[in-house]
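Notes for the one structure printed next.
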4 protein chains.
Amino acid sequence: MREPQLVLRKDGRRATLVPLGKKAFGRDFLVVAGPCSVEGDASFLALARRLKAAGVDGLRGGAFKPRTSPYEFQGLGIEGLKILAAAREETGLPVVTEIMDARDLEAGCRYADMIQIGSRNMQNYTLLKEAGSIDKPVLLKRGMSATLMEWLNAAEYILAGGNNRVVLCERGIRTFEPATRFSLDLNIVPAARGLTHLPIIVDPSHGTGRSSMVGSMSLAAVAAGAQGLLIEVHPRPQNALSDNDQQYPLVQFPALMKRIRKTAALMESFARRPSRAPRS
Amino acid sequence: MREPQLVLRKDGRRATLVPLGKKAFGRDFLVVAGPCSVEGDASFLALARRLKAAGVDGLRGGAFKPRTSPYEFQGLGIEGLKILAAAREETGLPVVTEIMDARDLEAGCRYADMIQIGSRNMQNYTLLKEAGSIDKPVLLKRGMSATLMEWLNAAEYILAGGNNRVVLCERGIRTFEPATRFSLDLNIVPAARGLTHLPIIVDPSHGTGRSSMVGSMSLAAVAAGAQGLLIEVHPRPQNALSDNDQQYPLVQFPALMKRIRKTAALMESFARRPSRAPRS
Amino acid sequence: MREPQLVLRKDGRRATLVPLGKKAFGRDFLVVAGPCSVEGDASFLALARRLKAAGVDGLRGGAFKPRTSPYEFQGLGIEGLKILAAAREETGLPVVTEIMDARDLEAGCRYADMIQIGSRNMQNYTLLKEAGSIDKPVLLKRGMSATLMEWLNAAEYILAGGNNRVVLCERGIRTFEPATRFSLDLNIVPAARGLTHLPIIVDPSHGTGRSSMVGSMSLAAVAAGAQGLLIEVHPRPQNALSDNDQQYPLVQFPALMKRIRKTAALMESFARRPSRAPRS
Amino acid sequence: MREPQLVLRKDGRRATLVPLGKKAFGRDFLVVAGPCSVEGDASFLALARRLKAAGVDGLRGGAFKPRTSPYEFQGLGIEGLKILAAAREETGLPVVTEIMDARDLEAGCRYADMIQIGSRNMQNYTLLKEAGSIDKPVLLKRGMSATLMEWLNAAEYILAGGNNRVVLCERGIRTFEPATRFSLDLNIVPAARGLTHLPIIVDPSHGTGRSSMVGSMSLAAVAAGAQGLLIEVHPRPQNALSDNDQQYPLVQFPALMKRIRKTAALMESFARRPSRAPRS
């Protein structure tokens, strides 16, 4: 394959800052949290208020859901987008949502602050091309068996279309290990940061598939150099309409947020004093 | 995930026959061949005539190309579809082509006899749902890291939409082995045949990524129980505009076709006399 | 890593023939069959006679068993080797058995005709080095996550020690697919044959882990270019002391042998008339 | 496979403490560092003194080296063990070294404080069984394609032999990703801690294969809950006789140690106040 051009870190090229509300990926450490699916109006607003109180920087929630089986809950669609927008109105938090079909990009841009392209669509080139001409930032998840170079090339499609506000999100890869749903590949964080000027964040919810591991792997992601986190949180995970094994219980989330912030602060203190000795 | 319903082989359920021209996957052993991309009018027609002479049952050729990099040849689009249709007119051979965007399904159905959904779109649920309401058969390639159950669930989306003319196509999975571009997973052929009534065929071109291995793996696929083959053939592979390492040289193809037919005939002679002893 | 030297096919280097009884891997298509473990005297002899009648070229049977759990049957040890030798005495068939510890190589060579080094020991360098100085041929199974080059380097250890009678055996690799215990990587057969002068055979029993798939994958291996097969056969698979899911039922085996021979004969007829057109 | 018995965390079972010098895995956060191979007397002593000054808890160094190719440096053998012992004498630091052959266990136990069983020997059952009867603790690395349950079963072999002083060490698994030599699987840290009472540590050197990533992934491992680290450090990595891409430069190591200690201290402060809300 050809080398990507626009996404690579070239000499002197600054890190790209991707705005989300008043903050920016690449400058601030951002936590985006919310349920797997938007399930209803009142419940989402209640959750959004609690997440705001816990100090998150953005809300996530799926309106269009990519589901393995056609008989599983497929999301509320446009109705879900409106609920997201209402939650933003109420809390002031920017919202991120997944779009699976290029024809829904316009609606997504009308209601959301950032468009997510999911793992299963990382090589949906139609969607990537059209995401290149929208005026919203894009969260591009890594395909579950995509190499780093394939992922960067997918981002290249968006930048080549004129939109350079792209954030990469590691979300677990497919391996032989059955103990976890996916294997979170934190190696990719320093590997990506060495190659690209785009910010990279981590989704420990999909990356483990088990809510009991989300806390540990959130902190591990921060320590690996991730520039943000995308975490699924639900008030009653066992009742969730999708992915109920992996959603973090809301009641424990404020404590986790404190740990994430403390770990991020420690990592930032390291970054201000680079450890590398001069190569004399 | 929920179990698929419509694709599973239930007691007494017959194998599904999927027509292609005057033949049918599931009843006849079908070979579909052609270049990775349709590259131009005259060259495709000349190739089509040679493939017809070699005895193929259908033509393949990409008009819309999913390419890893945005800087690679992206296909001729509608122009390519018209060239395919002209080749069918001339040779009488049915044509198969990949559609990547639901908005192109109508054009695909107008010009082609069978619509391919590629590996990278195996979980593009928008495309799968709309393929459920077209009146053409669908060739559904396995995602490069899809499990058998995920693949069957993807097919279930199409059947649930009302279109049961689906052929499954194994095309290689992603593994740790760097000696080949993908690892052709022939285990999946008997595994799939045990579970589903849909026909399953094999693409040894993508499944190896190396034209020197296409001959051996074509025969291996037949022996594993595949009900057809999808082979990339090009008159001058080294000049191909896409995937030139894996396209089989046209000059050698007639000899390979003879071997494929002989192997398929041997396998059919076995199938007529089942080896399984009665379980008394 | 350094390139292997002795195992590579260099210009003019003939294929290596590895003798087994009066036949030779690399010249004849050989089928070696037997139970996973040698379980007892009388039962093994009875099975050996039936396998001889079915036309196999060698017997396999494990005396030392590599078992995932310490609480599973670990094999009969030296007693098992003696049973193997007795079966050879009675049937005239050469016997192949696995050795896991360099200290058992001497006993293995005393009782068996060929020493197997199993998948879990493919990079047990102590064992490989000492296998380089024995006077018996070695069957070297591929590690379950070994690349082709690592496998060839493991063989290089044996050749570098002075023993060039090595047969490679593909036995399935570890992938993400849960439908089968391992994924039989038949791509490796033509890939290996292009690189090395050593014979390569296939073990469809471990390579699938499911006896219902052993027949199909045996034929597929032959068609892919394998130069022999290693098949687990048991008179009552459900009662076997190890790997009972994957052992082929003895009652069906003679019919499978006929199919294997017919498929091998067809492939040999192809090999006598190479398909490659002259590259003018 | 059968469930392991002795390694599983049962109700009320305390975490196992495995001594190394005056400290203990499972109670203290331990860092063991040193070169891939012991390359010579003076150089190893000089390095050992520098590592002691940087605050490590143990020295590592390979005397017997598992090398992919027989033409690569195979280690100094017994001579290497003596150099390790001399370094311990001088620095007071306990030493850890890999043994590949059961016949070398006695020598290993004479000179070293802890015996490592490497990734390639994780299912060398002969070696595991004999490690069950030695009077030294064992560092058991995960096989590069071993599942968690296979790894725990390998440890079970050692415990079943009577030696319960076993430390597990994650060192990267084999995946499709070519950007790194292996993919460090940090998910396995919380997954293992939930199942077993044995301590688990991480080797970021093999787990990435790239020294530029060792710092980030060391911190990530600590944050994931690892109870120690095993790091390859070399004064001049580019001149190392083995694995020179992955050895961390000594000149940068003291700064990394400080970061590791600070991160470990932060994680310990979290552990003292568990985040889990009561499940009322």
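Following the order of the structure tokens, first chain is A, next is B, and so on, with residues numbered from 1 inside each chain and ligands from 1 in the order they appear.
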
Within 8 Å of chain C: residues of chain D, using only C-alpha atoms, as a PDB file with N, CA and C atoms, in the first residue's frame:
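Written file, part_35.pdb:
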ATOM      1  N   MET D   1     -10.152 -29.335  28.755  1.00  0.00           N
ATOM      2  CA  MET D   1      -9.098 -29.590  29.750  1.00  0.00           C
ATOM      3  C   MET D   1      -9.677 -29.523  31.161  1.00  0.00           C
ATOM      4  N   ARG D   2      -9.029 -30.169  32.102  1.00  0.00           N
ATOM      5  CA  ARG D   2      -9.479 -30.100  33.491  1.00  0.00           C
ATOM      6  C   ARG D   2      -9.157 -28.721  34.059  1.00  0.00           C
ATOM      7  N   GLU D   3      -9.963 -28.291  34.996  1.00  0.00           N
ATOM      8  CA  GLU D   3      -9.709 -27.026  35.699  1.00  0.00           C
ATOM      9  C   GLU D   3      -8.474 -27.166  36.579  1.00  0.00           C
ATOM     10  N   PRO D   4      -7.659 -26.132  36.645  1.00  0.00           N
ATOM     11  CA  PRO D   4      -6.576 -26.187  37.619  1.00  0.00           C
ATOM     12  C   PRO D   4      -7.166 -26.077  39.030  1.00  0.00           C
ATOM     13  N   PRO D  66      17.478 -19.064  24.578  1.00  0.00           N
ATOM     14  CA  PRO D  66      16.672 -19.689  23.515  1.00  0.00           C
ATOM     15  C   PRO D  66      16.704 -18.794  22.287  1.00  0.00           C
ATOM     16  N   ARG D  67      17.386 -19.202  21.239  1.00  0.00           N
ATOM     17  CA  ARG D  67      17.517 -18.350  20.057  1.00  0.00           C
ATOM     18  C   ARG D  67      16.838 -18.990  18.860  1.00  0.00           C
ATOM     19  N   THR D  68      16.143 -18.193  18.093  1.00  0.00           N
ATOM     20  CA  THR D  68      15.389 -18.702  16.954  1.00  0.00           C
ATOM     21  C   THR D  68      16.288 -19.418  15.944  1.00  0.00           C
ATOM     22  N   SER D  69      17.479 -18.892  15.737  1.00  0.00           N
ATOM     23  CA  SER D  69      18.398 -19.500  14.773  1.00  0.00           C
ATOM     24  C   SER D  69      19.581 -20.137  15.501  1.00  0.00           C
ATOM     25  N   PRO D  70      20.038 -21.302  15.029  1.00  0.00           N
ATOM     26  CA  PRO D  70      21.189 -21.942  15.682  1.00  0.00           C
ATOM     27  C   PRO D  70      22.490 -21.158  15.481  1.00  0.00           C
ATOM     28  N   TYR D  71      22.462 -20.176  14.607  1.00  0.00           N
ATOM     29  CA  TYR D  71      23.692 -19.433  14.323  1.00  0.00           C
ATOM     30  C   TYR D  71      23.794 -18.152  15.145  1.00  0.00           C
ATOM     31  N   GLU D  72      22.857 -17.930  16.051  1.00  0.00           N
ATOM     32  CA  GLU D  72      22.922 -16.758  16.914  1.00  0.00           C
ATOM     33  C   GLU D  72      23.582 -17.129  18.238  1.00  0.00           C
ATOM     34  N   MET D 100      16.508 -23.767  30.511  1.00  0.00           N
ATOM     35  CA  MET D 100      15.756 -24.327  29.392  1.00  0.00           C
ATOM     36  C   MET D 100      15.701 -25.849  29.418  1.00  0.00           C
ATOM     37  N   ASP D 101      16.550 -26.470  30.229  1.00  0.00           N
ATOM     38  CA  ASP D 101      16.688 -27.923  30.207  1.00  0.00           C
ATOM     39  C   ASP D 101      16.654 -28.394  31.650  1.00  0.00           C
ATOM     40  N   ARG D 120       8.926 -19.920  25.419  1.00  0.00           N
ATOM     41  CA  ARG D 120       8.965 -21.074  24.504  1.00  0.00           C
ATOM     42  C   ARG D 120       8.893 -22.401  25.246  1.00  0.00           C
ATOM     43  N   ASN D 121       9.131 -22.380  26.558  1.00  0.00           N
ATOM     44  CA  ASN D 121       9.067 -23.607  27.354  1.00  0.00           C
ATOM     45  C   ASN D 121       7.866 -23.638  28.286  1.00  0.00           C
ATOM     46  N   GLN D 123       5.078 -24.785  27.909  1.00  0.00           N
ATOM     47  CA  GLN D 123       4.432 -26.093  27.911  1.00  0.00           C
ATOM     48  C   GLN D 123       5.450 -27.216  27.741  1.00  0.00           C
ATOM     49  N   ASN D 124       6.670 -26.998  28.219  1.00  0.00           N
ATOM     50  CA  ASN D 124       7.683 -28.053  28.309  1.00  0.00           C
ATOM     51  C   ASN D 124       7.410 -28.749  29.637  1.00  0.00           C
ATOM     52  N   TYR D 125       6.590 -29.780  29.560  1.00  0.00           N
ATOM     53  CA  TYR D 125       6.044 -30.353  30.796  1.00  0.00           C
ATOM     54  C   TYR D 125       7.107 -31.047  31.637  1.00  0.00           C
ATOM     55  N   THR D 126       8.128 -31.550  30.993  1.00  0.00           N
ATOM     56  CA  THR D 126       9.246 -32.134  31.729  1.00  0.00           C
ATOM     57  C   THR D 126       9.877 -31.088  32.641  1.00  0.00           C
ATOM     58  N   MET D 144       3.752 -17.431  24.111  1.00  0.00           N
ATOM     59  CA  MET D 144       3.363 -16.289  23.267  1.00  0.00           C
ATOM     60  C   MET D 144       2.002 -16.482  22.602  1.00  0.00           C
ATOM     61  N   SER D 145       1.459 -17.690  22.680  1.00  0.00           N
ATOM     62  CA  SER D 145       0.066 -17.844  22.237  1.00  0.00           C
ATOM     63  C   SER D 145      -0.719 -18.676  23.239  1.00  0.00           C
ATOM     64  N   GLU D 150      -4.451 -21.945  29.932  1.00  0.00           N
ATOM     65  CA  GLU D 150      -3.281 -22.797  29.669  1.00  0.00           C
ATOM     66  C   GLU D 150      -2.106 -22.370  30.534  1.00  0.00           C
ATOM     67  N   ASN D 153      -2.698 -23.522  33.999  1.00  0.00           N
ATOM     68  CA  ASN D 153      -2.445 -24.961  34.071  1.00  0.00           C
ATOM     69  C   ASN D 153      -0.947 -25.279  34.068  1.00  0.00           C
ATOM     70  N   ALA D 154      -0.167 -24.487  33.357  1.00  0.00           N
ATOM     71  CA  ALA D 154       1.288 -24.702  33.384  1.00  0.00           C
ATOM     72  C   ALA D 154       1.814 -24.440  34.796  1.00  0.00           C
ATOM     73  N   GLU D 156       0.081 -24.790  37.426  1.00  0.00           N
ATOM     74  CA  GLU D 156      -0.454 -25.890  38.239  1.00  0.00           C
ATOM     75  C   GLU D 156       0.513 -27.079  38.268  1.00  0.00           C
ATOM     76  N   TYR D 157       1.192 -27.340  37.142  1.00  0.00           N
ATOM     77  CA  TYR D 157       2.190 -28.422  37.119  1.00  0.00           C
ATOM     78  C   TYR D 157       3.252 -28.196  38.203  1.00  0.00           C
ATOM     79  N   ALA D 160       1.625 -28.514  41.684  1.00  0.00           N
ATOM     80  CA  ALA D 160       1.289 -29.914  41.949  1.00  0.00           C
ATOM     81  C   ALA D 160       2.531 -30.714  42.337  1.00  0.00           C
ATOM     82  N   ARG D 174       1.328 -13.118  20.465  1.00  0.00           N
ATOM     83  CA  ARG D 174       1.445 -13.039  19.016  1.00  0.00           C
ATOM     84  C   ARG D 174       0.110 -12.600  18.432  1.00  0.00           C
TER      85      ARG D 174
END

Run DSSP on the backbone and give me the residues of region 1-193 of chain A it puts in helix (DSSP H, G or I), as a short mmCIF file (atom, residue, chain, number, x, y, z; two decimals) with N, CA, C and O atoms, in the first residue's frame.
data_model
loop_
_atom_site.label_atom_id
_atom_site.label_comp_id
_atom_site.auth_asym_id
_atom_site.auth_seq_id
_atom_site.Cartn_x
_atom_site.Cartn_y
_atom_site.Cartn_z
N ASP A 41 -35.37 9.07 27.02
CA ASP A 41 -35.19 10.48 27.29
C ASP A 41 -34.79 10.74 28.74
O ASP A 41 -33.69 11.21 29.05
N ALA A 42 -35.66 10.39 29.65
CA ALA A 42 -35.45 10.73 31.05
C ALA A 42 -34.20 10.04 31.60
O ALA A 42 -33.39 10.64 32.31
N SER A 43 -34.04 8.76 31.27
CA SER A 43 -32.91 8.03 31.83
C SER A 43 -31.59 8.62 31.35
O SER A 43 -30.63 8.72 32.09
N PHE A 44 -31.55 9.05 30.08
CA PHE A 44 -30.30 9.61 29.57
C PHE A 44 -29.99 10.95 30.23
O PHE A 44 -28.83 11.22 30.60
N LEU A 45 -31.02 11.76 30.42
CA LEU A 45 -30.78 13.06 31.07
C LEU A 45 -30.30 12.90 32.50
O LEU A 45 -29.37 13.58 32.95
N ALA A 46 -30.90 11.96 33.21
CA ALA A 46 -30.49 11.72 34.59
C ALA A 46 -29.03 11.27 34.63
O ALA A 46 -28.23 11.74 35.45
N LEU A 47 -28.69 10.36 33.73
CA LEU A 47 -27.31 9.88 33.67
C LEU A 47 -26.35 11.01 33.30
O LEU A 47 -25.27 11.16 33.90
N ALA A 48 -26.76 11.84 32.35
CA ALA A 48 -25.90 12.93 31.89
C ALA A 48 -25.59 13.88 33.04
O ALA A 48 -24.44 14.34 33.20
N ARG A 49 -26.57 14.16 33.87
CA ARG A 49 -26.33 15.06 35.00
C ARG A 49 -25.32 14.44 35.97
O ARG A 49 -24.44 15.12 36.47
N ARG A 50 -25.46 13.16 36.20
CA ARG A 50 -24.54 12.49 37.12
C ARG A 50 -23.12 12.47 36.54
O ARG A 50 -22.15 12.63 37.27
N LEU A 51 -23.01 12.26 35.25
CA LEU A 51 -21.69 12.24 34.62
C LEU A 51 -21.06 13.62 34.67
O LEU A 51 -19.85 13.77 34.90
N LYS A 52 -21.88 14.62 34.44
CA LYS A 52 -21.40 16.00 34.53
C LYS A 52 -20.85 16.26 35.94
O LYS A 52 -19.75 16.81 36.12
N ALA A 53 -21.60 15.81 36.93
CA ALA A 53 -21.17 16.02 38.32
C ALA A 53 -19.86 15.28 38.60
O ALA A 53 -19.04 15.72 39.41
N ALA A 54 -19.66 14.16 37.91
CA ALA A 54 -18.43 13.39 38.13
C ALA A 54 -17.25 13.99 37.39
O ALA A 54 -16.11 13.54 37.56
N ILE A 78 -32.84 8.70 14.81
CA ILE A 78 -32.93 10.16 14.94
C ILE A 78 -33.45 10.56 16.32
O ILE A 78 -32.99 11.53 16.93
N GLU A 79 -34.40 9.77 16.83
CA GLU A 79 -34.92 10.05 18.17
C GLU A 79 -33.79 10.07 19.19
O GLU A 79 -33.75 10.92 20.09
N GLY A 80 -32.87 9.13 19.04
CA GLY A 80 -31.73 9.08 19.95
C GLY A 80 -30.85 10.31 19.82
O GLY A 80 -30.34 10.85 20.81
N LEU A 81 -30.67 10.78 18.58
CA LEU A 81 -29.86 11.98 18.37
C LEU A 81 -30.49 13.19 19.09
O LEU A 81 -29.79 14.01 19.68
N LYS A 82 -31.80 13.25 19.03
CA LYS A 82 -32.47 14.39 19.68
C LYS A 82 -32.31 14.34 21.19
O LYS A 82 -32.16 15.37 21.85
N ILE A 83 -32.33 13.13 21.74
CA ILE A 83 -32.13 13.00 23.18
C ILE A 83 -30.71 13.44 23.56
O ILE A 83 -30.50 14.14 24.56
N LEU A 84 -29.75 13.07 22.72
CA LEU A 84 -28.38 13.52 22.96
C LEU A 84 -28.31 15.04 22.96
O LEU A 84 -27.67 15.65 23.83
N ALA A 85 -28.94 15.65 21.97
CA ALA A 85 -28.88 17.11 21.86
C ALA A 85 -29.55 17.77 23.06
O ALA A 85 -29.07 18.80 23.58
N ALA A 86 -30.62 17.17 23.54
CA ALA A 86 -31.29 17.72 24.71
C ALA A 86 -30.39 17.63 25.94
O ALA A 86 -30.36 18.55 26.78
N ALA A 87 -29.65 16.56 26.04
CA ALA A 87 -28.75 16.39 27.18
C ALA A 87 -27.63 17.44 27.12
O ALA A 87 -27.19 17.96 28.15
N ARG A 88 -27.16 17.72 25.93
CA ARG A 88 -26.15 18.76 25.79
C ARG A 88 -26.72 20.11 26.22
O ARG A 88 -26.09 20.87 26.94
N GLU A 89 -27.93 20.37 25.77
CA GLU A 89 -28.59 21.62 26.12
C GLU A 89 -28.63 21.79 27.64
O GLU A 89 -28.29 22.83 28.19
N GLU A 90 -29.00 20.72 28.28
CA GLU A 90 -29.19 20.76 29.73
C GLU A 90 -27.89 20.83 30.50
O GLU A 90 -27.78 21.54 31.50
N THR A 91 -26.90 20.05 30.07
CA THR A 91 -25.66 19.93 30.86
C THR A 91 -24.53 20.81 30.35
O THR A 91 -23.56 21.04 31.05
N ALA A 102 -23.39 7.00 5.48
CA ALA A 102 -23.07 8.35 5.02
C ALA A 102 -24.32 9.23 4.95
O ALA A 102 -24.27 10.44 5.18
N ARG A 103 -25.47 8.60 4.66
CA ARG A 103 -26.70 9.38 4.55
C ARG A 103 -27.17 9.96 5.88
O ARG A 103 -28.03 10.84 5.91
N ASP A 104 -26.61 9.42 6.98
CA ASP A 104 -26.99 9.95 8.30
C ASP A 104 -25.99 10.98 8.81
O ASP A 104 -26.15 11.51 9.91
N LEU A 105 -24.94 11.26 8.04
CA LEU A 105 -23.93 12.21 8.52
C LEU A 105 -24.52 13.58 8.77
O LEU A 105 -24.19 14.25 9.76
N GLU A 106 -25.40 14.01 7.88
CA GLU A 106 -25.96 15.34 8.03
C GLU A 106 -26.73 15.47 9.35
O GLU A 106 -26.56 16.43 10.11
N ALA A 107 -27.57 14.46 9.63
CA ALA A 107 -28.32 14.48 10.89
C ALA A 107 -27.34 14.42 12.07
O ALA A 107 -27.50 15.12 13.07
N GLY A 108 -26.35 13.59 11.95
CA GLY A 108 -25.36 13.47 13.03
C GLY A 108 -24.71 14.81 13.32
O GLY A 108 -24.56 15.22 14.48
N CYS A 109 -24.35 15.52 12.25
CA CYS A 109 -23.68 16.81 12.43
C CYS A 109 -24.64 17.87 13.00
O CYS A 109 -24.21 18.80 13.68
N ARG A 110 -25.91 17.70 12.71
CA ARG A 110 -26.87 18.68 13.21
C ARG A 110 -27.03 18.55 14.72
O ARG A 110 -27.11 19.54 15.43
N TYR A 111 -27.01 17.31 15.22
CA TYR A 111 -27.31 17.11 16.64
C TYR A 111 -26.08 16.90 17.51
O TYR A 111 -26.14 17.15 18.71
N SER A 119 -15.59 0.66 14.81
CA SER A 119 -14.61 -0.34 14.42
C SER A 119 -15.01 -1.08 13.15
O SER A 119 -14.19 -1.31 12.26
N ARG A 120 -16.27 -1.46 13.06
CA ARG A 120 -16.73 -2.25 11.90
C ARG A 120 -16.78 -1.42 10.62
O ARG A 120 -16.90 -1.97 9.53
N ASN A 121 -16.73 -0.12 10.75
CA ASN A 121 -16.75 0.75 9.57
C ASN A 121 -15.42 1.44 9.31
O ASN A 121 -15.35 2.36 8.51
N TYR A 125 -15.11 2.90 3.08
CA TYR A 125 -14.45 4.04 2.45
C TYR A 125 -15.43 5.13 2.03
O TYR A 125 -15.08 6.31 1.98
N THR A 126 -16.64 4.75 1.71
CA THR A 126 -17.67 5.73 1.41
C THR A 126 -17.88 6.66 2.59
O THR A 126 -17.90 7.89 2.46
N LEU A 127 -18.02 6.07 3.77
CA LEU A 127 -18.26 6.85 4.97
C LEU A 127 -17.04 7.72 5.29
O LEU A 127 -17.17 8.91 5.64
N LEU A 128 -15.85 7.15 5.14
CA LEU A 128 -14.63 7.92 5.43
C LEU A 128 -14.52 9.13 4.51
O LEU A 128 -14.18 10.24 4.95
N LYS A 129 -14.80 8.90 3.22
CA LYS A 129 -14.66 10.01 2.28
C LYS A 129 -15.62 11.15 2.62
O LYS A 129 -15.25 12.31 2.60
N GLU A 130 -16.85 10.78 2.96
CA GLU A 130 -17.82 11.83 3.25
C GLU A 130 -17.54 12.49 4.60
O GLU A 130 -17.83 13.68 4.79
N ALA A 131 -16.93 11.75 5.51
CA ALA A 131 -16.53 12.36 6.78
C ALA A 131 -15.42 13.39 6.56
O ALA A 131 -15.16 14.24 7.42
N LEU A 148 -1.74 -0.85 12.47
CA LEU A 148 -1.56 0.59 12.67
C LEU A 148 -1.55 1.33 11.34
O LEU A 148 -2.17 2.38 11.19
N MET A 149 -0.86 0.76 10.33
CA MET A 149 -0.78 1.48 9.05
C MET A 149 -2.13 1.52 8.34
O MET A 149 -2.46 2.51 7.67
N GLU A 150 -2.93 0.48 8.47
CA GLU A 150 -4.27 0.52 7.87
C GLU A 150 -5.14 1.57 8.57
O GLU A 150 -5.94 2.25 7.91
N TRP A 151 -4.97 1.66 9.85
CA TRP A 151 -5.75 2.64 10.63
C TRP A 151 -5.34 4.05 10.22
O TRP A 151 -6.20 4.92 9.97
N LEU A 152 -4.05 4.29 10.12
CA LEU A 152 -3.60 5.62 9.71
C LEU A 152 -4.06 5.94 8.29
O LEU A 152 -4.42 7.08 7.98
N ASN A 153 -4.08 4.92 7.43
CA ASN A 153 -4.59 5.15 6.08
C ASN A 153 -6.08 5.46 6.08
O ASN A 153 -6.55 6.24 5.24
N ALA A 154 -6.82 4.86 6.99
CA ALA A 154 -8.25 5.19 7.08
C ALA A 154 -8.41 6.66 7.49
O ALA A 154 -9.24 7.39 6.93
N ALA A 155 -7.58 7.09 8.46
CA ALA A 155 -7.62 8.51 8.85
C ALA A 155 -7.21 9.40 7.68
O ALA A 155 -7.76 10.49 7.47
N GLU A 156 -6.27 8.91 6.89
CA GLU A 156 -5.80 9.67 5.73
C GLU A 156 -6.95 9.99 4.77
O GLU A 156 -7.00 11.07 4.17
N TYR A 157 -7.89 9.05 4.62
CA TYR A 157 -9.06 9.31 3.77
C TYR A 157 -9.81 10.56 4.25
O TYR A 157 -10.28 11.36 3.45
N ILE A 158 -9.93 10.70 5.57
CA ILE A 158 -10.69 11.83 6.10
C ILE A 158 -9.90 13.13 5.92
O ILE A 158 -10.44 14.14 5.47
N LEU A 159 -8.61 13.09 6.23
CA LEU A 159 -7.79 14.29 6.06
C LEU A 159 -7.70 14.68 4.58
O LEU A 159 -7.73 15.87 4.26
N ALA A 160 -7.58 13.66 3.72
CA ALA A 160 -7.48 13.96 2.29
C ALA A 160 -8.74 14.65 1.78
O ALA A 160 -8.72 15.39 0.79
N ILE A 188 -0.14 0.07 20.98
CA ILE A 188 -0.41 0.92 19.83
C ILE A 188 -0.38 2.40 20.22
O ILE A 188 -0.19 3.26 19.34
N VAL A 189 -0.56 2.70 21.50
CA VAL A 189 -0.58 4.11 21.91
C VAL A 189 0.79 4.75 21.70
O VAL A 189 0.90 5.73 20.92
N PRO A 190 1.87 4.24 22.31
CA PRO A 190 3.16 4.87 21.98
C PRO A 190 3.55 4.69 20.52
O PRO A 190 4.18 5.58 19.93
N ALA A 191 3.17 3.56 19.92
CA ALA A 191 3.52 3.37 18.51
C ALA A 191 2.86 4.42 17.64
O ALA A 191 3.48 5.00 16.75
N ALA A 192 1.58 4.70 17.89
CA ALA A 192 0.86 5.71 17.10
C ALA A 192 1.41 7.10 17.39
O ALA A 192 1.61 7.90 16.47
N ARG A 193 1.66 7.38 18.66
CA ARG A 193 2.13 8.73 18.99
C ARG A 193 3.48 9.03 18.33
O ARG A 193 3.79 10.20 18.05
#

Subject >> Close residues, Arg9 (chain D) itself excluded, 9 Å, only C-alpha atoms, min 3 positions apart in chain, as a ChimeraX atom specification >> reply: /D:6,12-15,193-198

Original post:
So which bits of region 117-217 of chain C end up strand (DSSP E or B) when you DSSP the backbone, as a PyMOL selection string?
Top reply: chain C and resi 117+138-141+166-170+173+183+196+200-202

Subject >> Long-range neighbours of region 260-267 of chain B as a list in words, 9 Å cut-off, only C-alpha atoms, 3 positions minimum in chain >> reply: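 With the cut-off at 9 Å, the set is Phe29, Val31, Gly215, Ser218, Leu219, Val222, Ala223, Gly225, Gln227, Ala255, Leu256, Met257, Phe270, Ala271 and Arg272 of chain B; Ala223, Arg259, Lys262, Thr263, Leu266 and Met267 of chain C.
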
**OP:** For Glu232 (chain C), please output as a list of chain:residue names all residues within 7 Å (counting only C-alpha atoms; exclusion window: fewer than 2 positions along the same chain).
**Re:** C:Ala33, C:Gly34, C:Pro35, C:Cys36, C:Ser205, C:Leu230, C:His234, C:Gln247, C:Tyr248

Subject >> Test item: residues at most 7 Å from Arg171 (chain B), only C-alpha atoms, excluding those fewer than 4 positions along its chain, as a list in words >> reply: Lys141, Arg142, Leu184, Val202, Asp203, Pro204, His206 and Gly207 of chain B

Subject >> Length of the CA of Gly132 (chain D) to CA of Val38 (chain C) vector [Å] >> reply: 26.4 Å

**OP:** Using only C-alpha atoms, determine which residues lie at most 8 Å from Leu250 (chain D), disregarding the query and same-chain residues fewer than 6 positions distant; provide the list as a PyMOL selection string.
**Re:** chain D and resi 233-236
